[in-house]
>>> print(open('model14.pdb').read())   # PDB, C-alpha atoms, pLDDT in the B column
ATOM      1  CA  MET A  51       0.000   0.000   0.000  1.00 70.00           C
ATOM      2  CA  THR A  52       1.445   3.306  -1.089  1.00 77.00           C
ATOM      3  CA  VAL A  53       0.765   6.433   0.946  1.00 81.00           C
ATOM      4  CA  ASP A  54       0.443   9.630  -1.051  1.00 87.00           C
ATOM      5  CA  LYS A  55       2.427  12.156   0.936  1.00 90.00           C
ATOM      6  CA  TYR A  56       0.795  14.934  -1.124  1.00 93.00           C
ATOM      7  CA  ALA A  57      -2.800  13.851  -0.394  1.00 92.00           C
ATOM      8  CA  SER A  58      -3.257  16.735   2.044  1.00 91.00           C
ATOM      9  CA  LEU A  59      -2.498  19.175  -0.786  1.00 93.00           C
ATOM     10  CA  LYS A  60      -5.265  17.920  -3.068  1.00 93.00           C
ATOM     11  CA  LEU A  61      -8.141  20.340  -3.488  1.00 93.00           C
ATOM     12  CA  GLU A  62     -10.657  17.531  -2.956  1.00 92.00           C
ATOM     13  CA  ASN A  63      -9.236  16.971   0.543  1.00 92.00           C
ATOM     14  CA  GLN A  64      -9.607  20.576   1.682  1.00 93.00           C
ATOM     15  CA  LEU A  65     -12.431  21.666   3.977  1.00 91.00           C
ATOM     16  CA  CYS A  66     -11.746  25.294   3.084  1.00 92.00           C
ATOM     17  CA  PHE A  67     -12.553  24.874  -0.598  1.00 94.00           C
ATOM     18  CA  PRO A  68     -16.191  23.701  -0.338  1.00 94.00           C
ATOM     19  CA  LEU A  69     -16.765  26.354   2.358  1.00 93.00           C
ATOM     20  CA  TYR A  70     -15.345  29.018   0.046  1.00 95.00           C
ATOM     21  CA  ALA A  71     -17.241  27.766  -3.014  1.00 95.00           C
ATOM     22  CA  VAL A  72     -20.583  27.451  -1.185  1.00 94.00           C
ATOM     23  CA  SER A  73     -20.178  30.887   0.396  1.00 94.00           C
ATOM     24  CA  LYS A  74     -19.468  32.431  -2.989  1.00 95.00           C
ATOM     25  CA  GLU A  75     -22.437  30.634  -4.570  1.00 94.00           C
ATOM     26  CA  ILE A  76     -24.844  31.591  -1.795  1.00 93.00           C
ATOM     27  CA  ILE A  77     -23.876  35.252  -2.079  1.00 93.00           C
ATOM     28  CA  ARG A  78     -24.314  35.008  -5.855  1.00 94.00           C
ATOM     29  CA  ARG A  79     -27.814  33.600  -5.310  1.00 93.00           C
ATOM     30  CA  TYR A  80     -28.676  36.485  -2.998  1.00 95.00           C
ATOM     31  CA  LYS A  81     -27.872  39.015  -5.720  1.00 95.00           C
ATOM     32  CA  PRO A  82     -31.187  38.985  -7.688  1.00 94.00           C
ATOM     33  CA  SER A  83     -33.200  39.413  -4.479  1.00 95.00           C
ATOM     34  CA  LEU A  84     -30.901  42.098  -3.115  1.00 97.00           C
ATOM     35  CA  ASP A  85     -30.885  43.927  -6.456  1.00 97.00           C
ATOM     36  CA  LYS A  86     -34.642  44.432  -5.964  1.00 96.00           C
ATOM     37  CA  LEU A  87     -33.802  46.162  -2.668  1.00 96.00           C
ATOM     38  CA  ASP A  88     -30.836  48.054  -4.155  1.00 96.00           C
ATOM     39  CA  LEU A  89     -28.501  46.451  -1.595  1.00 98.00           C
ATOM     40  CA  THR A  90     -25.245  44.553  -1.797  1.00 97.00           C
ATOM     41  CA  TYR A  91     -24.826  41.482   0.396  1.00 96.00           C
ATOM     42  CA  THR A  92     -22.647  43.423   2.859  1.00 97.00           C
ATOM     43  CA  GLN A  93     -25.214  46.235   3.006  1.00 98.00           C
ATOM     44  CA  TYR A  94     -27.943  43.631   3.588  1.00 98.00           C
ATOM     45  CA  ILE A  95     -26.211  41.966   6.536  1.00 97.00           C
ATOM     46  CA  THR A  96     -25.465  45.411   7.957  1.00 98.00           C
ATOM     47  CA  MET A  97     -29.138  46.317   7.723  1.00 98.00           C
ATOM     48  CA  MET A  98     -30.063  43.024   9.393  1.00 98.00           C
ATOM     49  CA  VAL A  99     -28.065  44.105  12.446  1.00 98.00           C
ATOM     50  CA  MET A 100     -29.549  47.613  12.281  1.00 97.00           C
ATOM     51  CA  TRP A 101     -33.123  46.271  12.141  1.00 98.00           C
ATOM     52  CA  GLU A 102     -32.396  44.230  15.247  1.00 97.00           C
ATOM     53  CA  LYS A 103     -30.366  46.762  17.253  1.00 97.00           C
ATOM     54  CA  LYS A 104     -31.775  50.092  15.945  1.00 97.00           C
ATOM     55  CA  GLN A 105     -28.633  51.844  17.244  1.00 96.00           C
ATOM     56  CA  VAL A 106     -25.071  50.562  17.577  1.00 96.00           C
ATOM     57  CA  ASN A 107     -21.560  51.943  17.628  1.00 93.00           C
ATOM     58  CA  VAL A 108     -19.352  51.210  14.627  1.00 94.00           C
ATOM     59  CA  LYS A 109     -16.924  49.060  16.616  1.00 93.00           C
ATOM     60  CA  GLU A 110     -19.697  46.791  17.876  1.00 95.00           C
ATOM     61  CA  LEU A 111     -21.218  46.614  14.389  1.00 97.00           C
ATOM     62  CA  GLY A 112     -17.872  45.582  12.895  1.00 95.00           C
ATOM     63  CA  GLU A 113     -17.437  42.893  15.553  1.00 94.00           C
ATOM     64  CA  LYS A 114     -20.937  41.542  14.947  1.00 95.00           C
ATOM     65  CA  LEU A 115     -20.380  41.395  11.165  1.00 96.00           C
ATOM     66  CA  LEU A 116     -16.724  40.298  11.384  1.00 93.00           C
ATOM     67  CA  LEU A 117     -15.773  43.306   9.227  1.00 94.00           C
ATOM     68  CA  ASP A 118     -12.883  45.721   9.688  1.00 92.00           C
ATOM     69  CA  SER A 119     -13.437  49.470   9.568  1.00 88.00           C
ATOM     70  CA  GLY A 120     -11.865  49.696   6.093  1.00 92.00           C
ATOM     71  CA  THR A 121     -14.637  47.471   4.756  1.00 94.00           C
ATOM     72  CA  LEU A 122     -17.447  48.747   6.953  1.00 96.00           C
ATOM     73  CA  THR A 123     -16.955  52.515   6.483  1.00 95.00           C
ATOM     74  CA  PRO A 124     -17.796  52.593   2.740  1.00 97.00           C
ATOM     75  CA  VAL A 125     -20.821  50.348   3.373  1.00 97.00           C
ATOM     76  CA  LEU A 126     -22.101  52.726   6.048  1.00 98.00           C
ATOM     77  CA  LYS A 127     -21.514  55.753   3.824  1.00 97.00           C
ATOM     78  CA  LYS A 128     -23.602  54.176   1.041  1.00 98.00           C
ATOM     79  CA  LEU A 129     -26.395  53.204   3.439  1.00 98.00           C
ATOM     80  CA  GLU A 130     -26.391  56.733   4.861  1.00 98.00           C
ATOM     81  CA  HIS A 131     -26.511  58.187   1.334  1.00 98.00           C
ATOM     82  CA  LYS A 132     -29.566  55.989   0.619  1.00 98.00           C
ATOM     83  CA  GLY A 133     -31.202  57.349   3.772  1.00 98.00           C
ATOM     84  CA  TYR A 134     -31.309  54.030   5.651  1.00 98.00           C
ATOM     85  CA  ILE A 135     -28.984  54.983   8.510  1.00 98.00           C
ATOM     86  CA  THR A 136     -27.422  58.007  10.157  1.00 97.00           C
ATOM     87  CA  ARG A 137     -23.929  58.240  11.605  1.00 95.00           C
ATOM     88  CA  GLU A 138     -22.935  60.672  14.300  1.00 94.00           C
ATOM     89  CA  ARG A 139     -20.261  61.049  16.947  1.00 90.00           C
ATOM     90  CA  SER A 140     -21.231  60.121  20.488  1.00 79.00           C
ATOM     91  CA  ARG A 141     -21.709  63.167  22.723  1.00 81.00           C
ATOM     92  CA  ALA A 142     -20.269  61.196  25.642  1.00 80.00           C
ATOM     93  CA  ASP A 143     -17.151  60.117  23.738  1.00 80.00           C
ATOM     94  CA  GLU A 144     -16.289  61.694  20.382  1.00 77.00           C
ATOM     95  CA  ARG A 145     -14.172  58.645  19.475  1.00 82.00           C
ATOM     96  CA  ASN A 146     -17.330  56.543  19.201  1.00 87.00           C
ATOM     97  CA  LEU A 147     -19.362  56.747  16.013  1.00 91.00           C
ATOM     98  CA  ILE A 148     -23.012  55.832  16.565  1.00 95.00           C
ATOM     99  CA  VAL A 149     -25.074  54.341  13.748  1.00 97.00           C
ATOM    100  CA  ARG A 150     -28.874  54.592  13.883  1.00 97.00           C
ATOM    101  CA  VAL A 151     -31.453  53.134  11.549  1.00 98.00           C
ATOM    102  CA  THR A 152     -33.847  55.676  10.058  1.00 98.00           C
ATOM    103  CA  ASP A 153     -37.586  55.307   9.482  1.00 98.00           C
ATOM    104  CA  LYS A 154     -36.802  54.704   5.805  1.00 98.00           C
ATOM    105  CA  GLY A 155     -34.323  51.999   6.849  1.00 98.00           C
ATOM    106  CA  MET A 156     -36.930  50.375   9.094  1.00 98.00           C
ATOM    107  CA  ALA A 157     -39.454  50.408   6.225  1.00 97.00           C
ATOM    108  CA  LEU A 158     -36.947  48.424   4.164  1.00 97.00           C
ATOM    109  CA  GLU A 159     -37.214  45.571   6.672  1.00 97.00           C
ATOM    110  CA  ASP A 160     -40.758  44.822   5.487  1.00 96.00           C
ATOM    111  CA  GLU A 161     -39.587  44.875   1.874  1.00 95.00           C
ATOM    112  CA  ALA A 162     -36.801  42.401   2.719  1.00 97.00           C
ATOM    113  CA  LEU A 163     -39.031  39.759   4.295  1.00 96.00           C
ATOM    114  CA  PHE A 164     -39.087  37.709   1.085  1.00 94.00           C
ATOM    115  CA  VAL A 165     -35.293  37.292   0.966  1.00 95.00           C
ATOM    116  CA  PRO A 166     -34.746  34.572   3.642  1.00 92.00           C
ATOM    117  CA  LYS A 167     -37.712  32.553   2.340  1.00 89.00           C
ATOM    118  CA  GLN A 168     -36.459  32.779  -1.227  1.00 89.00           C
ATOM    119  CA  MET A 169     -32.950  31.753  -0.169  1.00 89.00           C
ATOM    120  CA  ALA A 170     -34.197  28.825   1.899  1.00 86.00           C
ATOM    121  CA  CYS A 171     -36.001  27.511  -1.180  1.00 84.00           C
ATOM    122  CA  SER A 172     -32.806  27.637  -3.226  1.00 84.00           C
ATOM    123  CA  LEU A 173     -30.869  25.391  -0.832  1.00 85.00           C
ATOM    124  CA  ALA A 174     -31.194  21.630  -1.057  1.00 85.00           C
ATOM    125  CA  LEU A 175     -31.200  21.075   2.699  1.00 88.00           C
ATOM    126  CA  THR A 176     -33.892  19.890   5.050  1.00 89.00           C
ATOM    127  CA  LYS A 177     -34.697  22.020   8.085  1.00 89.00           C
ATOM    128  CA  GLU A 178     -32.709  19.604  10.254  1.00 94.00           C
ATOM    129  CA  GLU A 179     -29.703  19.682   7.900  1.00 93.00           C
ATOM    130  CA  SER A 180     -29.794  23.473   7.867  1.00 91.00           C
ATOM    131  CA  GLU A 181     -29.880  23.572  11.663  1.00 93.00           C
ATOM    132  CA  THR A 182     -26.963  21.123  11.895  1.00 95.00           C
ATOM    133  CA  LEU A 183     -24.879  23.065   9.369  1.00 94.00           C
ATOM    134  CA  TYR A 184     -25.683  26.332  11.170  1.00 93.00           C
ATOM    135  CA  ALA A 185     -24.591  24.852  14.513  1.00 96.00           C
ATOM    136  CA  LEU A 186     -21.369  23.435  13.068  1.00 95.00           C
ATOM    137  CA  LEU A 187     -20.427  26.686  11.324  1.00 94.00           C
ATOM    138  CA  HIS A 188     -21.070  28.707  14.477  1.00 94.00           C
ATOM    139  CA  LYS A 189     -19.050  26.220  16.518  1.00 95.00           C
ATOM    140  CA  LEU A 190     -16.169  26.658  14.074  1.00 93.00           C
ATOM    141  CA  LEU A 191     -16.479  30.466  14.149  1.00 91.00           C
ATOM    142  CA  ALA A 192     -16.576  30.524  17.961  1.00 91.00           C
ATOM    143  CA  HIS A 193     -13.452  28.354  18.145  1.00 91.00           C
ATOM    144  CA  MET A 194     -11.621  30.594  15.684  1.00 88.00           C
ATOM    145  CA  GLU A 195     -12.626  33.787  17.542  1.00 85.00           C
ATOM    146  CA  GLU A 196     -11.658  32.233  20.868  1.00 84.00           C
ATOM    147  CA  ASN A 197      -8.223  31.143  19.656  1.00 81.00           C
ATOM    148  CA  GLY A 198      -7.402  34.102  17.428  1.00 73.00           C
ATOM    149  CA  PRO A 199      -5.384  33.866  14.229  1.00 69.00           C
ATOM    150  CA  SER A 200      -3.171  30.825  13.852  1.00 62.00           C
ATOM    151  CA  ALA A 201       0.554  31.292  14.103  1.00 53.00           C
ATOM    152  CA  ASP A 202       2.626  30.966  10.960  1.00 52.00           C
TER     153      ASP A 202
END
>>> encode(input="model14.pdb", output="structure tokens")
Amino acid sequence: MTVDKYASLKLENQLCFPLYAVSKEIIRRYKPSLDKLDLTYTQYITMMVMWEKKQVNVKELGEKLLLDSGTLTPVLKKLEHKGYITRERSRADERNLIVRVTDKGMALEDEALFVPKQMACSLALTKEESETLYALLHKLLAHMEENGPSAD
């Protein structure tokens, strides 16, 4: 029996590749629905947090979305330009930038109700499979956040 010392370098043996490919495909499938709302995927997930929280500081928002300020700032500027959010410095601490959802932004929540249903229909998973995948992905994320970046 011959052992292939390069087996670990084969694409088919990588967990990261199907995660990457599925993530890319899911975001691609969101696009037609989000186009109807005039939102990108990153704007959509930002609005999901805003609908839930109503008001949040930028640091907390970035942590919740796993986005750095270089990625988040242009997203927030676009959402503010569309009238969905406002950004203003905290009176208590000028270093904190507070983001608030506007009435127009809250109205968008009703318009977006079709998106999760439409996406669920496009996935070939049962409710139980979806719940299991969700739990496993969140377990993986929690472990990665807990342990920080791996050392090179």
>>> closest_residue(input="model14.pdb", among="A:Thr96, A:Thr136, A:Ser58, A:Gln105", to="Leu117 in chain A", atoms="all atoms listed in the file")
A:Thr96
>>> closest_residue(input="model14.pdb", among="A:Leu65, A:Leu163, A:Asp88, A:Glu75", to="Leu187 in chain A", atoms="only C-alpha atoms")
A:Leu65
>>> residues_around(input="model14.pdb", residues="Leu129 in chain A", least_positions_apart="4", cutoff="9 Å", atoms="only C-alpha atoms", output="PyMOL selection string")
chain A and resi 89+93+97+124-125+133-136+155
>>> resolve_selection(input="model14.pdb", expression="the PyMOL selection byres ((chain A and resi 80) around 10)", output="list in words")
Glu75, Ile76, Ile77, Arg78, Arg79, Lys81, Pro82, Ser83, Leu84, Asp85, Thr90, Tyr91, Tyr94, Val165, Pro166, Gln168, Met169 and Ser172 of chain A
>>> atom_distance(input="model14.pdb", atom1="CA of Lys114 in chain A", atom2="CA of Arg150 in chain A")
15.3 Å
>>> atom_distance(input="model14.pdb", atom1="CA of Leu190 in chain A", atom2="CA of Ser73 in chain A")
14.9 Å
>>> closest_residue(input="model14.pdb", among="A:Asn197, A:Asn107, A:Thr121, A:Thr176", to="Asp143 in chain A", atoms="all atoms listed in the file")
A:Asn107
>>> atom_distance(input="model14.pdb", atom1="CA of Leu158 in chain A", atom2="CA of Val72 in chain A")
27.1 Å
>>> closest_residue(input="model14.pdb", among="A:Leu173, A:Val53, A:Leu186, A:Met100", to="Ile148 in chain A", atoms="only C-alpha atoms")
A:Met100
>>> closest_residue(input="model14.pdb", among="A:Met194, A:Met156, A:Leu115, A:Val106", to="Arg137 in chain A", atoms="all atoms listed in the file")
A:Val106
>>> axis_aligned_box(input="model14.pdb", around="range 132-149 of chain A", padding_each_side="6 Å", output="JSON")
{"center_x": -22.7, "center_y": 58.6, "center_z": 13.1, "size_x": 29.1, "size_y": 21.1, "size_z": 37.0}
>>> residues_around(input="model14.pdb", residues="Ser119 in chain A", least_positions_apart="3", cutoff="9 Å", atoms="all atoms listed in the file", output="ChimeraX atom specification")
/A:108-109,112,122-124
>>> closest_residue(input="model14.pdb", among="A:Val149, A:Ala57, A:Ala162, A:Leu116", to="Met98 in chain A", atoms="all atoms listed in the file")
A:Ala162
>>> decode(input="model14.pdb", residues="range 88-196 of chain A", atoms="C-alpha atoms", output="compact mmCIF listing (two decimals), in the first residue's frame")
# COMPACT_ATOMS: atom_id res chain seq x y z
CA ASP A 88 -30.84 48.05 -4.15
CA LEU A 89 -28.50 46.45 -1.60
CA THR A 90 -25.25 44.55 -1.80
CA TYR A 91 -24.83 41.48 0.40
CA THR A 92 -22.65 43.42 2.86
CA GLN A 93 -25.21 46.23 3.01
CA TYR A 94 -27.94 43.63 3.59
CA ILE A 95 -26.21 41.97 6.54
CA THR A 96 -25.46 45.41 7.96
CA MET A 97 -29.14 46.32 7.72
CA MET A 98 -30.06 43.02 9.39
CA VAL A 99 -28.06 44.10 12.45
CA MET A 100 -29.55 47.61 12.28
CA TRP A 101 -33.12 46.27 12.14
CA GLU A 102 -32.40 44.23 15.25
CA LYS A 103 -30.37 46.76 17.25
CA LYS A 104 -31.77 50.09 15.94
CA GLN A 105 -28.63 51.84 17.24
CA VAL A 106 -25.07 50.56 17.58
CA ASN A 107 -21.56 51.94 17.63
CA VAL A 108 -19.35 51.21 14.63
CA LYS A 109 -16.92 49.06 16.62
CA GLU A 110 -19.70 46.79 17.88
CA LEU A 111 -21.22 46.61 14.39
CA GLY A 112 -17.87 45.58 12.90
CA GLU A 113 -17.44 42.89 15.55
CA LYS A 114 -20.94 41.54 14.95
CA LEU A 115 -20.38 41.39 11.16
CA LEU A 116 -16.72 40.30 11.38
CA LEU A 117 -15.77 43.31 9.23
CA ASP A 118 -12.88 45.72 9.69
CA SER A 119 -13.44 49.47 9.57
CA GLY A 120 -11.87 49.70 6.09
CA THR A 121 -14.64 47.47 4.76
CA LEU A 122 -17.45 48.75 6.95
CA THR A 123 -16.95 52.52 6.48
CA PRO A 124 -17.80 52.59 2.74
CA VAL A 125 -20.82 50.35 3.37
CA LEU A 126 -22.10 52.73 6.05
CA LYS A 127 -21.51 55.75 3.82
CA LYS A 128 -23.60 54.18 1.04
CA LEU A 129 -26.39 53.20 3.44
CA GLU A 130 -26.39 56.73 4.86
CA HIS A 131 -26.51 58.19 1.33
CA LYS A 132 -29.57 55.99 0.62
CA GLY A 133 -31.20 57.35 3.77
CA TYR A 134 -31.31 54.03 5.65
CA ILE A 135 -28.98 54.98 8.51
CA THR A 136 -27.42 58.01 10.16
CA ARG A 137 -23.93 58.24 11.61
CA GLU A 138 -22.93 60.67 14.30
CA ARG A 139 -20.26 61.05 16.95
CA SER A 140 -21.23 60.12 20.49
CA ARG A 141 -21.71 63.17 22.72
CA ALA A 142 -20.27 61.20 25.64
CA ASP A 143 -17.15 60.12 23.74
CA GLU A 144 -16.29 61.69 20.38
CA ARG A 145 -14.17 58.65 19.47
CA ASN A 146 -17.33 56.54 19.20
CA LEU A 147 -19.36 56.75 16.01
CA ILE A 148 -23.01 55.83 16.56
CA VAL A 149 -25.07 54.34 13.75
CA ARG A 150 -28.87 54.59 13.88
CA VAL A 151 -31.45 53.13 11.55
CA THR A 152 -33.85 55.68 10.06
CA ASP A 153 -37.59 55.31 9.48
CA LYS A 154 -36.80 54.70 5.81
CA GLY A 155 -34.32 52.00 6.85
CA MET A 156 -36.93 50.38 9.09
CA ALA A 157 -39.45 50.41 6.23
CA LEU A 158 -36.95 48.42 4.16
CA GLU A 159 -37.21 45.57 6.67
CA ASP A 160 -40.76 44.82 5.49
CA GLU A 161 -39.59 44.88 1.87
CA ALA A 162 -36.80 42.40 2.72
CA LEU A 163 -39.03 39.76 4.29
CA PHE A 164 -39.09 37.71 1.09
CA VAL A 165 -35.29 37.29 0.97
CA PRO A 166 -34.75 34.57 3.64
CA LYS A 167 -37.71 32.55 2.34
CA GLN A 168 -36.46 32.78 -1.23
CA MET A 169 -32.95 31.75 -0.17
CA ALA A 170 -34.20 28.83 1.90
CA CYS A 171 -36.00 27.51 -1.18
CA SER A 172 -32.81 27.64 -3.23
CA LEU A 173 -30.87 25.39 -0.83
CA ALA A 174 -31.19 21.63 -1.06
CA LEU A 175 -31.20 21.08 2.70
CA THR A 176 -33.89 19.89 5.05
CA LYS A 177 -34.70 22.02 8.09
CA GLU A 178 -32.71 19.60 10.25
CA GLU A 179 -29.70 19.68 7.90
CA SER A 180 -29.79 23.47 7.87
CA GLU A 181 -29.88 23.57 11.66
CA THR A 182 -26.96 21.12 11.89
CA LEU A 183 -24.88 23.06 9.37
CA TYR A 184 -25.68 26.33 11.17
CA ALA A 185 -24.59 24.85 14.51
CA LEU A 186 -21.37 23.44 13.07
CA LEU A 187 -20.43 26.69 11.32
CA HIS A 188 -21.07 28.71 14.48
CA LYS A 189 -19.05 26.22 16.52
CA LEU A 190 -16.17 26.66 14.07
CA LEU A 191 -16.48 30.47 14.15
CA ALA A 192 -16.58 30.52 17.96
CA HIS A 193 -13.45 28.35 18.15
CA MET A 194 -11.62 30.59 15.68
CA GLU A 195 -12.63 33.79 17.54
CA GLU A 196 -11.66 32.23 20.87
